[in-house]
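One file, final39.txt, carrying compact mmCIF, C-alpha atoms:
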```txt
# COMPACT_ATOMS: atom_id res chain seq x y z
CA MET A 1 9.76 -12.87 10.91
CA LEU A 2 6.98 -14.42 12.96
CA ASP A 3 3.55 -15.31 11.60
CA ILE A 4 1.13 -12.52 12.53
CA LYS A 5 -1.71 -15.05 12.49
CA LEU A 6 0.04 -16.99 15.25
CA ILE A 7 0.49 -13.79 17.27
CA ARG A 8 -3.19 -12.90 16.85
CA GLU A 9 -4.45 -16.34 17.83
CA ASN A 10 -2.16 -17.04 20.78
CA PRO A 11 -0.24 -13.97 21.93
CA GLU A 12 0.39 -15.35 25.43
CA ASP A 13 2.13 -18.44 24.04
CA VAL A 14 4.31 -16.26 21.80
CA ILE A 15 5.24 -14.05 24.77
CA ALA A 16 6.08 -17.09 26.92
CA ARG A 17 8.25 -18.72 24.25
CA LEU A 18 10.12 -15.49 23.59
CA ALA A 19 10.67 -15.13 27.35
CA ALA A 20 12.44 -18.50 27.26
CA LYS A 21 14.82 -16.86 24.78
CA GLY A 22 15.41 -13.94 27.14
CA LYS A 23 13.12 -11.51 25.30
CA ASP A 24 10.48 -9.63 27.26
CA ALA A 25 8.07 -9.09 24.37
CA ALA A 26 4.81 -8.33 26.19
CA GLU A 27 4.74 -4.62 25.30
CA ASP A 28 5.94 -5.24 21.74
CA ILE A 29 3.26 -7.88 21.15
CA LYS A 30 0.57 -5.60 22.59
CA ARG A 31 1.65 -2.78 20.30
CA ILE A 32 1.93 -5.09 17.28
CA LEU A 33 -1.64 -6.29 17.79
CA GLU A 34 -2.86 -2.69 18.10
CA LEU A 35 -1.06 -1.68 14.91
CA ASP A 36 -2.22 -4.81 13.09
CA SER A 37 -5.84 -4.03 13.96
CA ARG A 38 -5.48 -0.41 12.84
CA ARG A 39 -3.64 -1.45 9.69
CA ARG A 40 -6.35 -3.89 8.64
CA ALA A 41 -9.11 -1.37 9.40
CA MET A 42 -7.33 1.33 7.39
CA ILE A 43 -6.77 -1.02 4.46
CA ALA A 44 -10.44 -2.00 4.48
CA GLU A 45 -11.52 1.63 4.66
CA ASN A 46 -9.27 2.58 1.75
CA GLU A 47 -10.44 -0.38 -0.33
CA ALA A 48 -14.04 0.71 0.26
CA LYS A 49 -13.23 4.29 -0.81
CA LYS A 50 -11.41 3.04 -3.92
CA ALA A 51 -14.39 0.83 -4.78
CA GLU A 52 -16.69 3.84 -4.37
CA GLN A 53 -14.34 5.89 -6.54
CA ASN A 54 -14.43 3.25 -9.27
CA LYS A 55 -18.21 3.02 -9.05
CA LYS A 56 -18.61 6.77 -9.49
CA SER A 57 -16.10 6.78 -12.33
CA LYS A 58 -18.24 4.27 -14.22
CA GLU A 59 -21.34 6.41 -13.67
CA ILE A 60 -19.89 9.47 -15.38
CA PRO A 61 -20.17 8.36 -19.05
CA VAL A 62 -23.68 7.01 -18.44
CA LEU A 63 -24.87 10.29 -16.90
CA LYS A 64 -23.19 12.35 -19.59
CA LYS A 65 -24.92 10.28 -22.25
CA GLU A 66 -28.22 11.05 -20.53
CA GLY A 67 -27.30 14.76 -20.53
CA LYS A 68 -27.21 15.01 -16.75
CA ASP A 69 -24.92 17.23 -14.64
CA VAL A 70 -21.82 15.33 -13.43
CA SER A 71 -20.11 18.18 -11.55
CA GLY A 72 -21.28 16.76 -8.21
CA ILE A 73 -19.74 13.39 -9.02
CA PHE A 74 -16.45 15.03 -9.93
CA ALA A 75 -16.51 16.86 -6.59
CA ASP A 76 -17.22 13.61 -4.77
CA MET A 77 -14.37 11.86 -6.61
CA LYS A 78 -11.96 14.66 -5.74
CA LYS A 79 -12.92 14.39 -2.09
CA LEU A 80 -12.50 10.60 -2.19
CA SER A 81 -9.11 10.97 -3.84
CA GLU A 82 -7.93 13.36 -1.13
CA GLU A 83 -9.23 11.05 1.61
CA ILE A 84 -7.49 8.04 0.03
CA LYS A 85 -4.23 9.99 -0.23
CA THR A 86 -4.47 11.06 3.42
CA ASN A 87 -5.29 7.50 4.50
CA ASP A 88 -2.40 6.08 2.45
CA ALA A 89 0.04 8.39 4.22
CA ALA A 90 -1.36 7.43 7.63
CA LEU A 91 -1.28 3.75 6.66
CA GLN A 92 2.34 4.05 5.61
CA GLU A 93 3.26 5.36 9.08
CA VAL A 94 1.35 2.55 10.80
CA GLU A 95 2.92 -0.11 8.57
CA SER A 96 6.41 1.31 9.11
CA GLU A 97 6.11 0.99 12.90
CA TYR A 98 4.41 -2.40 12.55
CA ASN A 99 7.13 -3.77 10.26
CA ASN A 100 9.94 -2.47 12.48
CA LEU A 101 8.44 -4.18 15.53
CA MET A 102 7.83 -7.43 13.65
CA LEU A 103 11.37 -7.45 12.24
CA GLY A 104 12.74 -6.87 15.74
CA LEU A 105 11.14 -9.99 17.22
CA PRO A 106 13.48 -13.00 17.42
CA ASN A 107 12.43 -16.44 16.22
CA LEU A 108 10.39 -18.63 18.54
CA PRO A 109 12.48 -21.37 20.14
CA ASP A 110 11.25 -24.93 19.63
CA PRO A 111 9.06 -26.02 22.56
CA ASP A 112 11.44 -28.80 23.69
CA LEU A 113 14.36 -26.41 24.32
CA LYS A 114 15.27 -25.55 27.88
CA PRO A 115 14.76 -21.88 28.75
CA GLY A 116 17.70 -19.67 29.64
CA GLY A 117 21.26 -19.38 28.40
CA LYS A 118 24.50 -21.35 28.27
CA GLU A 119 24.04 -22.67 31.78
CA ASN A 120 21.15 -24.80 30.48
CA ASN A 121 22.86 -26.17 27.38
CA GLU A 122 22.56 -29.95 27.23
CA PRO A 123 25.37 -32.25 25.99
CA LEU A 124 23.65 -35.00 23.99
CA ARG A 125 26.55 -37.30 23.13
CA TYR A 126 30.32 -37.63 23.24
CA TYR A 127 32.65 -39.17 20.69
CA GLY A 128 36.09 -40.54 21.49
CA GLU A 129 38.24 -39.72 24.50
CA PRO A 130 40.34 -36.66 25.38
CA HIS A 131 43.95 -36.96 24.21
CA HIS A 132 46.55 -37.72 26.87
CA PHE A 133 50.26 -36.99 26.45
CA ASP A 134 53.30 -38.66 28.03
CA PHE A 135 55.24 -35.42 27.60
CA GLU A 136 54.61 -31.72 28.32
CA PRO A 137 52.42 -30.56 25.41
CA LYS A 138 52.73 -27.15 23.77
CA ASN A 139 49.86 -24.81 22.97
CA HIS A 140 48.84 -24.18 19.37
CA VAL A 141 50.38 -20.68 19.24
CA ASP A 142 53.85 -22.00 20.10
CA LEU A 143 53.46 -25.03 17.83
CA CYS A 144 52.31 -22.96 14.85
CA THR A 145 55.11 -20.46 15.44
CA ASP A 146 57.84 -23.10 15.91
CA LEU A 147 56.75 -25.00 12.79
CA GLY A 148 56.38 -21.83 10.70
CA LEU A 149 52.69 -22.51 10.02
CA ILE A 150 51.30 -19.17 11.16
CA ASP A 151 52.93 -15.75 11.16
CA TYR A 152 51.20 -13.84 13.94
CA PRO A 153 53.43 -10.71 14.08
CA ARG A 154 53.12 -10.02 10.36
CA GLY A 155 49.34 -10.54 10.53
CA VAL A 156 49.21 -7.80 13.15
CA LYS A 157 51.56 -5.65 11.06
CA LEU A 158 49.29 -5.98 8.02
CA SER A 159 45.91 -5.51 9.69
CA GLY A 160 46.15 -5.23 13.49
CA ASN A 161 45.04 -7.51 16.30
CA GLY A 162 42.73 -10.38 15.36
CA PHE A 163 44.52 -11.20 12.09
CA TRP A 164 47.21 -13.72 11.12
CA VAL A 165 49.06 -15.00 8.05
CA TYR A 166 49.18 -18.65 6.98
CA ARG A 167 52.68 -19.56 5.76
CA GLY A 168 54.07 -22.54 3.85
CA MET A 169 52.75 -25.81 5.23
CA GLY A 170 50.30 -23.85 7.41
CA ALA A 171 48.66 -22.41 4.29
CA ARG A 172 48.65 -25.86 2.72
CA LEU A 173 47.11 -27.40 5.85
CA GLU A 174 44.37 -24.75 5.82
CA TRP A 175 43.71 -25.40 2.13
CA ALA A 176 43.70 -29.17 2.75
CA LEU A 177 40.96 -28.74 5.37
CA LEU A 178 38.81 -26.71 2.98
CA ASN A 179 39.26 -29.28 0.22
CA TYR A 180 38.35 -32.13 2.59
CA PHE A 181 35.16 -30.34 3.63
CA ILE A 182 34.13 -29.39 0.08
CA ASP A 183 34.85 -32.82 -1.43
CA THR A 184 32.81 -34.51 1.30
CA HIS A 185 29.81 -32.22 0.77
CA ILE A 186 29.88 -32.61 -3.02
CA ALA A 187 29.94 -36.40 -2.59
CA ASP A 188 26.82 -36.02 -0.42
CA GLY A 189 24.96 -34.21 -3.21
CA TYR A 190 25.42 -30.58 -2.19
CA GLU A 191 25.91 -27.90 -4.85
CA LEU A 192 29.02 -25.75 -4.48
CA VAL A 193 28.20 -22.04 -4.82
CA LEU A 194 30.78 -19.25 -4.74
CA VAL A 195 28.97 -16.14 -3.56
CA PRO A 196 29.94 -12.44 -3.46
CA HIS A 197 31.77 -11.40 -0.31
CA MET A 198 30.11 -7.97 -0.36
CA LEU A 199 26.36 -8.05 0.23
CA GLY A 200 23.42 -5.65 0.16
CA TYR A 201 21.26 -4.80 3.16
CA GLU A 202 18.42 -7.13 2.12
CA CYS A 203 20.69 -10.15 2.64
CA GLY A 204 21.27 -9.23 6.27
CA LEU A 205 17.56 -8.49 6.73
CA THR A 206 16.50 -11.85 5.29
CA ALA A 207 19.01 -13.77 7.40
CA GLY A 208 17.67 -12.03 10.51
CA GLN A 209 20.94 -10.28 11.36
CA PHE A 210 19.50 -6.85 10.54
CA PRO A 211 18.31 -4.48 11.78
CA LYS A 212 19.31 -5.45 15.34
CA PHE A 213 22.88 -6.62 14.62
CA ARG A 214 23.74 -4.30 11.73
CA ASP A 215 26.62 -2.77 13.72
CA GLU A 216 28.35 -6.14 14.12
CA VAL A 217 29.46 -6.32 10.47
CA TYR A 218 32.01 -4.37 8.43
CA TRP A 219 30.27 -1.79 6.24
CA LEU A 220 31.90 -0.41 3.10
CA ASP A 221 32.00 3.29 2.31
CA THR A 222 30.72 3.49 -1.26
CA ALA A 223 29.84 6.24 -3.70
CA GLU A 224 26.67 8.18 -2.91
CA ASP A 225 24.83 6.72 -5.90
CA GLU A 226 25.55 3.11 -4.83
CA LYS A 227 23.73 1.03 -2.25
CA ARG A 228 25.81 0.51 0.87
CA ARG A 229 27.32 -2.97 1.16
CA PHE A 230 28.80 -5.01 4.00
CA MET A 231 31.37 -7.82 4.19
CA LEU A 232 29.59 -11.09 4.79
CA PRO A 233 29.91 -12.47 8.36
CA THR A 234 29.11 -15.98 7.09
CA ALA A 235 28.13 -17.51 3.75
CA GLU A 236 24.71 -18.28 5.27
CA THR A 237 23.89 -14.57 4.89
CA ALA A 238 24.27 -14.92 1.12
CA LEU A 239 22.95 -18.46 0.63
CA VAL A 240 19.63 -17.84 2.41
CA SER A 241 18.95 -15.00 -0.03
CA LEU A 242 19.55 -17.04 -3.18
CA HIS A 243 15.80 -17.63 -3.53
CA ARG A 244 14.62 -14.37 -2.00
CA ASP A 245 11.30 -13.22 -3.55
CA GLU A 246 10.95 -16.51 -5.44
CA ILE A 247 8.27 -19.20 -5.55
CA LEU A 248 9.80 -22.65 -6.02
CA SER A 249 7.90 -25.76 -7.01
CA GLU A 250 7.50 -28.59 -4.51
CA SER A 251 9.70 -30.78 -6.71
CA ASP A 252 12.51 -28.19 -6.45
CA LEU A 253 12.97 -29.06 -2.77
CA PRO A 254 15.17 -29.76 -0.99
CA ARG A 255 17.84 -27.42 -2.27
CA LYS A 256 21.22 -28.23 -0.73
CA TYR A 257 24.07 -25.73 -1.02
CA ILE A 258 27.59 -25.28 0.29
CA SER A 259 29.84 -22.28 -0.07
CA TYR A 260 33.42 -21.51 0.91
CA THR A 261 34.10 -17.94 1.97
CA PRO A 262 36.28 -15.98 4.32
CA CYS A 263 34.07 -14.60 7.09
CA PHE A 264 34.42 -11.10 8.51
CA ARG A 265 33.41 -10.29 12.10
CA ARG A 266 33.85 -7.03 13.99
CA GLU A 267 33.64 -8.83 17.34
CA ALA A 268 36.77 -10.92 17.64
CA GLY A 269 36.66 -12.21 21.19
CA SER A 270 38.11 -11.37 24.54
CA TYR A 271 41.80 -11.91 23.86
CA ARG A 272 42.03 -14.04 27.00
CA ALA A 273 45.16 -16.13 27.37
CA ASP A 274 43.28 -19.28 26.33
CA GLU A 275 41.93 -17.57 23.20
CA ARG A 276 45.21 -16.39 21.76
CA GLY A 277 46.31 -16.96 18.21
CA MET A 278 43.65 -17.81 15.65
CA VAL A 279 40.85 -19.07 17.88
CA ARG A 280 38.99 -15.77 17.57
CA GLY A 281 39.66 -13.30 14.80
CA HIS A 282 38.15 -10.69 12.53
CA GLN A 283 38.61 -12.91 9.45
CA PHE A 284 38.49 -16.69 9.19
CA ASN A 285 37.68 -19.36 6.62
CA LYS A 286 34.55 -21.49 6.66
CA VAL A 287 32.53 -23.85 4.51
CA GLU A 288 28.81 -23.31 5.14
CA MET A 289 25.93 -25.72 4.52
CA VAL A 290 22.41 -24.42 3.79
CA GLN A 291 19.20 -26.25 2.97
CA TYR A 292 15.83 -25.06 1.71
CA THR A 293 13.26 -27.72 2.50
CA LEU A 294 9.59 -28.57 2.86
CA PRO A 295 8.19 -27.81 6.33
CA GLU A 296 7.43 -31.50 6.99
CA LYS A 297 11.04 -32.42 6.08
CA SER A 298 12.58 -29.75 8.30
CA ASP A 299 13.47 -31.97 11.27
CA GLU A 300 14.91 -34.64 8.99
CA ALA A 301 17.09 -32.04 7.25
CA PHE A 302 18.31 -30.77 10.62
CA GLU A 303 19.45 -34.23 11.69
CA GLU A 304 21.18 -34.68 8.32
CA LEU A 305 23.18 -31.48 8.80
CA VAL A 306 24.14 -32.40 12.38
CA THR A 307 25.33 -35.84 11.24
CA LYS A 308 27.33 -34.31 8.39
CA ALA A 309 29.12 -31.91 10.75
CA GLU A 310 29.80 -34.72 13.23
CA ASN A 311 31.19 -36.97 10.51
CA LEU A 312 33.62 -34.29 9.33
CA VAL A 313 34.97 -33.95 12.87
CA LYS A 314 35.11 -37.73 13.29
CA GLY A 315 37.11 -37.96 10.06
CA LEU A 316 39.76 -35.71 11.57
CA GLY A 317 40.04 -38.02 14.59
CA PHE A 318 38.88 -35.53 17.22
CA HIS A 319 37.23 -36.15 20.53
CA PHE A 320 34.09 -33.99 20.56
CA ARG A 321 30.63 -33.56 22.00
CA THR A 322 27.30 -32.50 20.48
CA VAL A 323 25.39 -29.95 22.56
CA LYS A 324 21.74 -28.95 22.36
CA LEU A 325 21.57 -25.22 23.04
CA ALA A 326 19.10 -23.71 25.46
CA ALA A 327 16.60 -21.25 24.03
CA ALA A 328 18.45 -18.04 24.93
CA ASP A 329 21.77 -19.37 23.60
CA CYS A 330 20.31 -19.87 20.13
CA SER A 331 20.81 -16.89 17.84
CA ALA A 332 17.90 -14.52 17.28
CA SER A 333 17.00 -16.06 13.91
CA MET A 334 17.04 -19.68 14.96
CA ALA A 335 14.42 -21.96 16.48
CA ARG A 336 16.90 -24.72 17.26
CA THR A 337 20.68 -25.12 17.36
CA TYR A 338 23.12 -27.95 18.10
CA ASP A 339 26.80 -27.14 18.55
CA ILE A 340 29.62 -29.57 17.80
CA GLU A 341 32.42 -28.80 20.24
CA ILE A 342 35.96 -30.18 20.08
CA HIS A 343 38.47 -30.45 22.89
CA ILE A 344 41.49 -28.14 22.61
CA PRO A 345 43.89 -29.10 25.45
CA SER A 346 45.42 -25.65 26.06
CA MET A 347 41.99 -24.02 26.24
CA ASN A 348 40.88 -26.20 29.16
CA GLY A 349 37.59 -27.24 27.66
CA TYR A 350 35.44 -27.55 24.58
CA LYS A 351 35.14 -25.01 21.78
CA GLU A 352 32.44 -24.88 19.11
CA VAL A 353 33.54 -25.71 15.56
CA SER A 354 30.09 -26.08 14.03
CA SER A 355 26.64 -24.71 14.80
CA VAL A 356 23.74 -26.41 13.03
CA SER A 357 20.48 -24.47 13.16
CA ASN A 358 16.90 -24.59 11.95
CA ALA A 359 15.24 -21.25 11.26
CA ARG A 360 11.91 -22.92 10.39
CA ASP A 361 9.99 -20.34 8.26
CA TYR A 362 11.44 -17.27 10.03
CA GLN A 363 13.96 -16.33 7.32
CA ALA A 364 11.58 -17.36 4.54
CA ARG A 365 8.95 -14.89 5.77
CA ARG A 366 11.52 -12.09 5.91
CA GLY A 367 12.73 -12.88 2.39
CA SER A 368 9.39 -13.97 0.86
CA MET A 369 10.71 -17.43 -0.09
CA ARG A 370 7.89 -19.84 -0.91
CA PHE A 371 7.03 -23.01 -2.77
CA ARG A 372 3.88 -24.18 -4.53
CA ARG A 373 2.23 -27.44 -3.46
CA ASN A 374 1.75 -29.86 -6.36
CA GLU A 375 -1.59 -31.15 -5.08
CA THR A 376 -3.30 -27.91 -4.09
CA GLY A 377 -1.44 -25.24 -6.04
CA LYS A 378 -1.22 -23.17 -2.86
CA THR A 379 1.97 -21.44 -1.81
CA GLU A 380 3.69 -21.97 1.55
CA TYR A 381 6.90 -20.72 3.10
CA VAL A 382 9.97 -22.95 2.82
CA HIS A 383 12.07 -23.83 5.84
CA THR A 384 15.74 -22.82 5.87
CA LEU A 385 18.56 -24.50 7.78
CA ASN A 386 22.26 -23.88 8.03
CA GLY A 387 25.36 -25.41 9.56
CA SER A 388 29.11 -24.85 9.62
CA GLY A 389 30.75 -27.55 7.64
CA LEU A 390 33.29 -26.55 9.01
CA ALA A 391 35.08 -23.39 10.20
CA THR A 392 38.86 -23.81 10.27
CA SER A 393 40.01 -21.28 12.87
CA ARG A 394 39.57 -23.75 15.73
CA ILE A 395 40.09 -26.93 13.73
CA LEU A 396 43.68 -26.10 12.84
CA PRO A 397 44.67 -25.30 16.46
CA ALA A 398 43.03 -28.55 17.56
CA ILE A 399 44.95 -30.52 14.92
CA VAL A 400 48.34 -29.22 15.99
CA GLU A 401 47.62 -29.58 19.71
CA GLN A 402 46.00 -33.02 19.66
CA ASN A 403 48.39 -34.46 17.05
CA GLN A 404 51.66 -33.05 18.40
CA ASN A 405 54.58 -35.34 19.09
CA ALA A 406 57.32 -35.22 21.70
CA ASP A 407 59.85 -33.90 19.16
CA GLY A 408 57.65 -30.89 18.34
CA SER A 409 56.34 -32.30 15.06
CA VAL A 410 52.64 -32.70 14.24
CA THR A 411 51.05 -35.77 12.65
CA VAL A 412 48.70 -34.88 9.78
CA PRO A 413 45.23 -36.50 9.98
CA GLU A 414 44.96 -39.27 7.43
CA VAL A 415 42.05 -37.67 5.53
CA LEU A 416 44.20 -34.60 4.79
CA ARG A 417 47.36 -36.31 3.60
CA LYS A 418 46.30 -36.63 -0.04
CA TYR A 419 45.81 -32.85 -0.14
CA ILE A 420 48.93 -31.77 1.72
CA GLY A 421 51.34 -34.46 0.49
CA VAL A 422 53.06 -35.24 3.82
CA ASP A 423 52.28 -37.35 6.87
CA VAL A 424 54.09 -35.23 9.45
CA LEU A 425 54.71 -31.50 9.77
CA ARG A 426 58.25 -30.78 10.97
CA LYS A 427 60.28 -27.70 11.64
CA GLU A 428 62.13 -26.71 8.48
CA GLU A 429 65.89 -26.77 8.65
CA LYS A 430 67.43 -23.37 7.99
```
Could you write out this file's structure as structure tokens?
Amino acid sequence: MLDIKLIRENPEDVIARLAAKGKDAAEDIKRILELDSRRRAMIAENEAKKAEQNKKSKEIPVLKKEGKDVSGIFADMKKLSEEIKTNDAALQEVESEYNNLMLGLPNLPDPDLKPGGKENNEPLRYYGEPHHFDFEPKNHVDLCTDLGLIDYPRGVKLSGNGFWVYRGMGARLEWALLNYFIDTHIADGYELVLVPHMLGYECGLTAGQFPKFRDEVYWLDTAEDEKRRFMLPTAETALVSLHRDEILSESDLPRKYISYTPCFRREAGSYRADERGMVRGHQFNKVEMVQYTLPEKSDEAFEELVTKAENLVKGLGFHFRTVKLAAADCSASMARTYDIEIHIPSMNGYKEVSSVSNARDYQARRGSMRFRRNETGKTEYVHTLNGSGLATSRILPAIVEQNQNADGSVTVPEVLRKYIGVDVLRKEEK
């Protein structure tokens, strides 16, 4: 959620920055300022009436002691009480509209981002060179099928399009990737957290996915006396609510977390020929990184997360590029995002395997997550950041395509061999 003080002081700048993100917010900002002014006036009026009510209440015993008639005071207090009740109801309506509009505003993009969408994304650096073959390479679907790594037909049989089944060495390769990611993060001082896969509405609201994107997740039908839950689309949705409604001390920060979860998405892609197999699906595995940090350490934390994601991809031996997203290509909750994109030969280009983002104080305001300054004792909002570290659904296809050999086998990246126990994946003899 944006800072209302910032909107009051410089509404034109807020409108311009949101326009860079593709949001025409002029009317919303105008209405928010109107409601904010009314809200503050109504609160002040009610506080004055409550103060008057308290004053009169204190007069009653004094007047009674003096033997004076207090019926007029009781009548005045009744009138004040009715006015306060009426004002409270009106205030509730104003605050409801105000909060809905505020929650609907996306985060402000950082000033240095280019406006517009994907067409203005900026590659910052490249690592390695694209792989070249001296034979006709296969695509990952055929390789995974031939080697018995992925069972696509039975995935569809179990759950429909957008699902698959890891089999044998494919399951072990997937598990090896997750272990490689987790071990690396733990060595870097991150705490492993295993979170629930079913979350309450407040988690989506804090992360900034709700209310606008509430229809993009899988909701569970639960008993009438239970709160409705949804399947998490990413572990970020859970991790950024760990300290919801808490005040941390300055010395508590930074907090660095990782979590492994399956991720559940209703939108599973276009099913184009170059996105077959497991590149886009309704369920995939991911290790997520999240940091809570001091505002002045926010940029430093962002660079740390980008470097960590890059190093994981480097460790697997991939050619990749790091891309600075334009304002409108950043998600609604984020002020800044860099994507790490690997080259998958059969897909004729680069595909994102990690997005590293800085939400600044946007999520913290939505979830009331603060810290107390040691020197002043005042509370401020933390900054939250997240990054994929990494998702496997494009990593595994890239491994089999880039590391395939002329005989149809696939060389296992060196960093994974201690987990999987073999150097080369070959077709099993029947």
Discussion item. Which residue is closest to Ala406 (chain A)? Choose from A:Leu143, A:Leu33, A:Met231, A:Ile43 and count only C-alpha atoms.
Written reply: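 Smallest separation from Ala406 (chain A) among the options: A:Leu143.
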Worksheet item: Separation of CA of Ala19 (chain A) and CA of Ile340 (chain A), in Å?
Response: 25.7 Å
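For the set A:Ala51, A:Val70, A:Val165, A:Leu253, the residue with the smallest atom-to-atom gap to Thr145 (chain A) is A:Val165, counting only C-alpha atoms.
One finds CA of Asp188 (chain A) at 26.5 Å from CA of Asn374 (chain A).
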Discussion item. Env of Ala235 (chain A): 12 Å cut, atoms = all atoms listed in the file, seq-sep filter 2 positions within chain, self excluded. Answer as a PyMOL selection string.
Written reply: chain A and resi 192-199+203-204+207+231-233+237-242+257-264+284-290+386-391
Taking all listed atoms of region 384-392 of chain A, build the axis-aligned box, pad each of the six sides by 6 Å, then write its centre and edge lengths in Å to one decimal as AutoDock Vina command-line options.
```
--center_x 27.3 --center_y -25.2 --center_z 8.1 --size_x 35.1 --size_y 16.7 --size_z 16.4
```
Discussion item. So the first atom is CA of Arg365 (chain A) and the second is CA of Ile84 (chain A); what is the distance between them in Å, to one decimal place?
Written reply: 28.8 Å
Worksheet item: Of the residues A:Ser368, A:Asn358, A:Asn46, A:Ser159, which is the one nearest to Leu248 (chain A), using all atoms listed in the file?
Response: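 The answer is A:Ser368, which sits nearest to Leu248 (chain A).
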Filled-in N, CA and C atoms of region 134-151 of chain A, supplied as a short mmCIF file (atom, residue, chain, number, x, y, z; two decimals), in the coordinates of the input:
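After the write, selection_20.cif holds the following:
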```cif
data_model
loop_
_atom_site.label_atom_id
_atom_site.label_comp_id
_atom_site.auth_asym_id
_atom_site.auth_seq_id
_atom_site.Cartn_x
_atom_site.Cartn_y
_atom_site.Cartn_z
N ASP A 134 52.28 -38.20 27.09
CA ASP A 134 53.30 -38.66 28.03
C ASP A 134 54.50 -37.71 28.03
N PHE A 135 54.23 -36.48 27.58
CA PHE A 135 55.24 -35.42 27.60
C PHE A 135 54.50 -34.09 27.84
N GLU A 136 55.24 -33.02 28.09
CA GLU A 136 54.61 -31.72 28.32
C GLU A 136 54.18 -31.11 26.99
N PRO A 137 52.87 -31.05 26.72
CA PRO A 137 52.42 -30.56 25.41
C PRO A 137 52.54 -29.04 25.29
N LYS A 138 52.69 -28.59 24.05
CA LYS A 138 52.73 -27.15 23.77
C LYS A 138 51.34 -26.67 23.37
N ASN A 139 51.11 -25.36 23.48
CA ASN A 139 49.86 -24.81 22.97
C ASN A 139 49.98 -24.54 21.48
N HIS A 140 48.84 -24.30 20.83
CA HIS A 140 48.84 -24.18 19.37
C HIS A 140 49.61 -22.96 18.88
N VAL A 141 49.64 -21.88 19.68
CA VAL A 141 50.38 -20.68 19.24
C VAL A 141 51.86 -21.00 19.12
N ASP A 142 52.42 -21.65 20.14
CA ASP A 142 53.85 -22.00 20.10
C ASP A 142 54.14 -23.02 19.01
N LEU A 143 53.26 -24.00 18.87
CA LEU A 143 53.46 -25.03 17.83
C LEU A 143 53.43 -24.41 16.43
N CYS A 144 52.42 -23.57 16.18
CA CYS A 144 52.31 -22.96 14.85
C CYS A 144 53.48 -22.02 14.57
N THR A 145 53.96 -21.35 15.61
CA THR A 145 55.11 -20.46 15.44
C THR A 145 56.38 -21.26 15.20
N ASP A 146 56.62 -22.29 16.03
CA ASP A 146 57.84 -23.10 15.91
C ASP A 146 57.91 -23.81 14.56
N LEU A 147 56.76 -24.26 14.06
CA LEU A 147 56.75 -25.00 12.79
C LEU A 147 56.61 -24.08 11.58
N GLY A 148 56.48 -22.78 11.81
CA GLY A 148 56.38 -21.83 10.70
C GLY A 148 55.05 -21.92 9.96
N LEU A 149 54.00 -22.37 10.67
CA LEU A 149 52.69 -22.51 10.02
C LEU A 149 51.92 -21.19 9.97
N ILE A 150 52.03 -20.42 11.05
CA ILE A 150 51.30 -19.17 11.16
C ILE A 150 52.27 -18.05 11.54
N ASP A 151 52.12 -16.92 10.86
CA ASP A 151 52.93 -15.75 11.16
C ASP A 151 52.03 -14.73 11.85
#
```
